[in-house]
Each structure stands twice: as C-alpha cells, then as structure tokens.
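Structure, as structure tokens:
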Amino acid sequence: MPKRGRPKGPDKEPILLRLGSPLLDILDRLAAAEFRSRQGQIEKLLHEALLRRGAWPPKADAREDSSDSD
C-alpha cells in the first residue's frame, strides 16, 4: 500500500530563531499576501538574500573545501 501524505522533501534542520514582534507582524503580512506560512516566508527571504549576494546556488567546490577542513 502506498504511503499517504506529503512526499518527502529536502532534509531540513530545525533552528531556533528569536524575532521581535514588529518583525513577526511584517513577516506574517508578507506571508499572508503570498499564501505562505511564516516559515516558508522566512525561507524565501533568506533565499532571495543569498541570491543577491551571489552565494546561491552553493558552489560544488565550496562544499568540498569545507569538508576538507574538518
């Protein structure tokens, strides 16, 4: 019998993030306007910020360099 529910997505690690009330209010308004959850909106904003900085998508050689230093 096939499994029910959502398909398995990418592995995600939970993090604790403490944000003040004004910032949460803005995030909630943005999320509602784009039909996203608060979590989804935070992920989208982080992704956009990384794109603007040129840090996304991650470079394959950057991952290899960081694993060599361990």
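We name chains A, B, ... following the order of the structure tokens; residues begin at 1 in each chain, and ligands are numbered from 1 as shown.
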
> Excluding same-chain residues fewer than 6 positions from range 39-54 of chain A, what lies within 12 Å of it counting only C-alpha atoms, as a ChimeraX atom specification?
Replying inline: /A:12,14-17,19,23-24,26-33

> Just asking: which residues within chain A are helix (DSSP H, G or I) according to DSSP, as a PyMOL selection string?
Replying inline: chain A and resi 21-33+38-53+60-68
